[in-house]
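Engineer: The structure that follows is given in the form of structure tokens.
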Amino acid sequence: MSEGTIVASFVVPVHPHTVLAPDQNPGWKKLREAFDQAAQTIRELEADLIVVYSTTWPSVIGHQIQADPNPEWVMVDHDFHDLGSIPYSFNIDQDFAHAWDDANKARGLQSRCVNYKGFPIDVGSVVALTLLNPDNKIPAAIVSSNVYANRTETTVMAKACLDVVKAQGKRVVAVTAMSLSNRMFTDFIEPSEDKIHSLKDHEWNQKILEFLRQGRLEDVGQLSRTIQRQIRVQKVVAFKPMWWLSAMNGNRNDLTGNVMAYEAIHGAGGAVVHLDPTPSGVGDKEYDEEDVEYFHGERGVLDAVEDVEIEEQSPNAVQGSGPALWEPTEIEGSVNTDSAPKPVGAYPHARRVGNMLYLSGVGPRQPGTNAIPGGPIHDENGEPLNYDIKAQTHAVVENVRRVVEEAGGTMEQVVDVTTFLVDMKRDFSGYNEVWAETLGTVGPTRTTLAIDALPTPIAVEMKVIVHLGE
């Protein structure tokens, strides 16, 4: 028996549009064509098994592995049921599933096989196997994404999979079914209007794809720490598949990458990426994680979040850097959300009066971590630091969006903005450029003021008024 190996890896999107409605949008069509090319590549590689790690199959108690040899059902997506249904009948490698379960347990993981008739296959796995293995000739294995697993647990789970791959001598294709940015539109849109939901998401997607194009898969895993602090709410699940895929490839940075397509699917970033194990000679960064072999039950899910002390200044204060952070004030008409940074005093994120919404001053700090995109303007001793005003301004606009949407509004309903800059001469140009790309397209009135300082080490803050309509 030949030694088992990973012959190819793929990143693919999870939404059903590429299966059910590719002709309704040129981007969806490009993704479908990339899926078809990927399927042809897999056939030519004469793979013995396709292993799918899907973010749309969440689990809480350990990892689950599909072990029904022939799961059959009809998948209707919860969000996009209007697109139709996808009947499926998959060929699951039951022996591999049970061997993987045993290997997980041998490495200290919680794991179990699932073998129930009618147990639904998640949308990401259905889309991946339907398009990558259309004739169903290649057996598959599907594993869940544990919502609490940290990188250590995810890495060990991949190593357990490789144990079985090598023991059984299989030629395996590793597939991660995932979005890049996962912020979707909350209303139905016309297919022709689809786009990446925010500019920041698009920028981070491009950075991820740049690394993947260069075959720097391990660097993507490392980059996830930064991305985790920058986009959306603190949701780590989107990057677990990159941790898994990196471990499946020996945490290498010298794969041969090919971004076959990148497009929006209902606001989220979808990409089809092929990673060939042939060394490209591009990546040279060393793997700087602890090379763990066994899982001992410790879960620090967000390793990137800095430890900060809790200040004792107020019973309402919560952890943060700089001034004590407070829980938002709850009063009649207040609008508060966990997806916006905590206030630095006793006030709400916003207050609604009739059809008007008045936001408290909004800065770039990130919810949960209190990190400042683009960096703080000075250190703990007050010494000036270099910072990126564009990154800070983008973060302010995103924080404004979170509060406005929590109130049921949209950014198009913003009518007036007052902006405060701590260094008008240095920062106005960069701030103004981001404004033109974001709020400038909406057309609110604007006043920009120079001030001496803000309570936290940030360079920009906005005071926003929104007309929510009748």
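Every chain in the structure tokens has a letter given in the order shown (A, B, ...), and although residue numbers restart at 1 in each chain, ligands are simply numbered from 1 in the order shown.
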Mind checking which residues fall within 12 Å of Gln37 (chain A), counting only C-alpha atoms, ignoring those fewer than 2 positions away in the same chain, and posting them as an MDAnalysis selection string?

Structural biologist: chainID A and resid 10 30:35 39:44 131:134 258:261 272:274

Engineer: Give me, as a Markdown table, the closest atom pair and its distance (Å, one decimal) for every residue of region 16-81 of chain A within a cut-off of 8 Å of region 157-170 of chain A, counting only C-alpha atoms, rows sorted by chain and rising number.

Structural biologist:
| residue | atom | partner | partner_atom | distance |
| --- | --- | --- | --- | --- |
| A:Ala47 | CA | A:Lys170 | CA | 7.8 |
| A:Asp48 | CA | A:Lys170 | CA | 5.8 |
| A:Leu49 | CA | A:Lys170 | CA | 7.0 |

Engineer: Could you give me, as a PyMOL selection string, each residue of region 350-442 of chain A that DSSP assigns to alpha helix (DSSP H) when run on this structure's backbone?

Structural biologist: chain A and resi 389-406+424-437

Engineer: Within 9 Å of Pro323 (chain A), counting only C-alpha atoms, which residues qualify if same-chain residues fewer than 4 places away don't, as a PyMOL selection string?

Structural biologist: chain A and resi 311+344-345+455-456

Engineer: Deliver the residues from the most recent selection as a file, using N, CA and C atoms, as a PDB file, in the first residue's frame.

Structural biologist:
ATOM      1  N   GLU A 311     -10.868  47.423  35.641  1.00  0.00           N
ATOM      2  CA  GLU A 311     -10.722  48.545  36.546  1.00  0.00           C
ATOM      3  C   GLU A 311     -11.855  48.543  37.554  1.00  0.00           C
ATOM      4  N   VAL A 344     -17.452  54.741  27.275  1.00  0.00           N
ATOM      5  CA  VAL A 344     -16.477  55.076  28.308  1.00  0.00           C
ATOM      6  C   VAL A 344     -17.142  55.880  29.423  1.00  0.00           C
ATOM      7  N   GLY A 345     -18.467  55.855  29.480  1.00  0.00           N
ATOM      8  CA  GLY A 345     -19.215  56.545  30.519  1.00  0.00           C
ATOM      9  C   GLY A 345     -20.644  56.043  30.551  1.00  0.00           C
ATOM     10  N   PRO A 455     -11.081  60.688  24.766  1.00  0.00           N
ATOM     11  CA  PRO A 455     -10.830  59.919  25.997  1.00  0.00           C
ATOM     12  C   PRO A 455      -9.960  58.689  25.815  1.00  0.00           C
ATOM     13  N   THR A 456     -10.003  58.075  24.641  1.00  0.00           N
ATOM     14  CA  THR A 456      -9.155  56.918  24.355  1.00  0.00           C
ATOM     15  C   THR A 456      -8.134  57.327  23.301  1.00  0.00           C
TER      16      THR A 456
END

Engineer: Mind checking which residues fall within 9 Å of Leu468 (chain A), counting only C-alpha atoms, ignoring those fewer than 6 positions away in the same chain, and posting them as a list in words?

Structural biologist: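 Once the adjacent positions are removed, what remains is Gly354, Asn355, Met356, Leu357, Ala407, Gly408, Gly409, Thr410, Gln413 and Val414 of chain A.
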
Engineer: Taking into account only C-alpha atoms, which residue in the set A:Ile377, A:Pro13, A:Ala177, A:Leu129 is nearest to Asp427 (chain A)?

Structural biologist: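 Among A:Ile377, A:Pro13, A:Ala177, A:Leu129, it is A:Ile377 that comes nearest to Asp427 (chain A).
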
Engineer: Would you mind listing what lies within 8 Å of Asp194 (chain A) as a list in words, with only C-alpha atoms counted and same-chain residues fewer than 4 positions away left out?

Structural biologist: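 The residues satisfying every condition are Ile189, Glu190, Ala264, Ile265, His266 and Gly267 of chain A.
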
Engineer: List as a list in words the protein and nucleic acid residues near Ile65 (chain A), meaning an atom at most 8 Å away when only C-alpha atoms are counted, but skip any in the same chain fewer than 4 places from it.

Structural biologist: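 Everything that qualifies: Ala97, Asp101, Ser111, Arg112, Cys113, Val114, Ala141, Ile142, Val143 and Ser144 of chain A.
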
Engineer: DSSP says strand (DSSP E) for which residues of region 69-261 of chain A? Put them as a PyMOL selection string?

Structural biologist: chain A and resi 72-75+86-89+111-114+140-146+171-177+256-261

Engineer: Generate the output file for the selected residues, N, CA and C atoms, as a compact mmCIF listing (two decimals), in the first residue's frame.

Structural biologist:
# COMPACT_ATOMS: atom_id res chain seq x y z
N GLU A 72 -29.13 10.35 2.25
CA GLU A 72 -29.98 10.83 1.17
C GLU A 72 -31.06 11.74 1.75
N TRP A 73 -31.29 12.85 1.11
CA TRP A 73 -32.34 13.77 1.58
C TRP A 73 -32.49 14.87 0.54
N VAL A 74 -33.27 15.87 0.89
CA VAL A 74 -33.42 17.05 0.04
C VAL A 74 -33.06 18.26 0.90
N MET A 75 -32.06 19.02 0.50
CA MET A 75 -31.60 20.17 1.26
C MET A 75 -32.31 21.43 0.78
N ILE A 86 -32.06 21.11 -3.18
CA ILE A 86 -30.97 20.30 -3.74
C ILE A 86 -31.10 18.87 -3.23
N PRO A 87 -31.61 17.94 -4.03
CA PRO A 87 -31.61 16.54 -3.61
C PRO A 87 -30.16 16.02 -3.60
N TYR A 88 -29.84 15.20 -2.61
CA TYR A 88 -28.48 14.67 -2.57
C TYR A 88 -28.49 13.21 -2.15
N SER A 89 -27.48 12.50 -2.59
CA SER A 89 -27.25 11.11 -2.21
C SER A 89 -25.74 10.90 -2.26
N SER A 111 -15.06 13.18 20.34
CA SER A 111 -15.44 12.91 18.96
C SER A 111 -16.50 11.83 18.93
N ARG A 112 -17.34 11.85 17.92
CA ARG A 112 -18.30 10.76 17.74
C ARG A 112 -18.75 10.71 16.29
N CYS A 113 -19.18 9.53 15.87
CA CYS A 113 -19.72 9.34 14.53
C CYS A 113 -21.23 9.54 14.54
N VAL A 114 -21.76 10.01 13.44
CA VAL A 114 -23.19 10.22 13.27
C VAL A 114 -23.67 9.29 12.16
N ALA A 140 -16.53 10.23 0.36
CA ALA A 140 -16.31 11.47 1.09
C ALA A 140 -16.30 11.23 2.59
N ALA A 141 -15.75 12.19 3.32
CA ALA A 141 -15.84 12.26 4.78
C ALA A 141 -16.19 13.70 5.12
N ILE A 142 -17.08 13.88 6.11
CA ILE A 142 -17.52 15.22 6.50
C ILE A 142 -17.35 15.36 8.01
N VAL A 143 -16.74 16.45 8.44
CA VAL A 143 -16.54 16.70 9.87
C VAL A 143 -17.15 18.05 10.23
N SER A 144 -17.65 18.13 11.46
CA SER A 144 -18.26 19.37 11.94
C SER A 144 -17.21 20.38 12.37
N SER A 145 -17.65 21.62 12.56
CA SER A 145 -16.79 22.68 13.09
C SER A 145 -17.25 22.99 14.50
N ASN A 146 -16.43 22.65 15.49
CA ASN A 146 -16.81 22.89 16.88
C ASN A 146 -16.72 24.38 17.18
N ARG A 171 -5.20 8.76 -1.26
CA ARG A 171 -4.94 10.03 -1.93
C ARG A 171 -6.15 10.93 -1.63
N VAL A 172 -5.93 11.97 -0.84
CA VAL A 172 -7.04 12.73 -0.28
C VAL A 172 -7.05 14.17 -0.78
N VAL A 173 -8.25 14.66 -1.05
CA VAL A 173 -8.48 16.08 -1.32
C VAL A 173 -9.12 16.69 -0.08
N ALA A 174 -8.49 17.71 0.49
CA ALA A 174 -9.02 18.39 1.67
C ALA A 174 -9.78 19.63 1.24
N VAL A 175 -11.02 19.78 1.72
CA VAL A 175 -11.88 20.88 1.30
C VAL A 175 -12.40 21.62 2.52
N THR A 176 -12.26 22.95 2.52
CA THR A 176 -12.90 23.77 3.53
C THR A 176 -14.06 24.51 2.88
N ALA A 177 -15.27 24.27 3.40
CA ALA A 177 -16.46 24.97 2.91
C ALA A 177 -16.71 26.16 3.83
N THR A 256 1.47 25.74 -3.88
CA THR A 256 1.21 26.44 -5.13
C THR A 256 -0.27 26.82 -5.17
N GLY A 257 -0.55 28.11 -5.04
CA GLY A 257 -1.93 28.57 -4.91
C GLY A 257 -2.50 29.12 -6.20
N ASN A 258 -3.80 28.95 -6.37
CA ASN A 258 -4.51 29.48 -7.54
C ASN A 258 -5.90 29.93 -7.10
N VAL A 259 -6.12 31.24 -7.09
CA VAL A 259 -7.46 31.77 -6.79
C VAL A 259 -8.26 31.70 -8.09
N MET A 260 -9.18 30.75 -8.15
CA MET A 260 -9.92 30.48 -9.37
C MET A 260 -11.09 31.45 -9.56
N ALA A 261 -11.64 31.95 -8.46
CA ALA A 261 -12.73 32.93 -8.55
C ALA A 261 -12.93 33.55 -7.19

Engineer: Would you mind reading off the distance between CA of Pro69 (chain A) and CA of Ala128 (chain A), one decimal, in Å?

Structural biologist: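 Straight-line distance from CA of Pro69 (chain A) to CA of Ala128 (chain A) works out to 17.5 Å.
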
Engineer: When you draw a straight line from CA of Ala21 (chain A) to CA of Lys240 (chain A), how long is it in Å?

Structural biologist: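 Distance reported for this atom pair: 28.0 Å.
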
Engineer: Quick one: residues within 9 Å of Met424 (chain A), only C-alpha atoms, excluding same-chain residues fewer than 6 positions away - as a count of residues only?

Structural biologist: 4

Engineer: Pick the closest to Asp276 (chain A) from A:Pro71, A:Pro120, A:Gly108, A:Gly215: which is it, counting only C-alpha atoms?

Structural biologist: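 Ranked by minimum distance to Asp276 (chain A), first place goes to A:Gly215.
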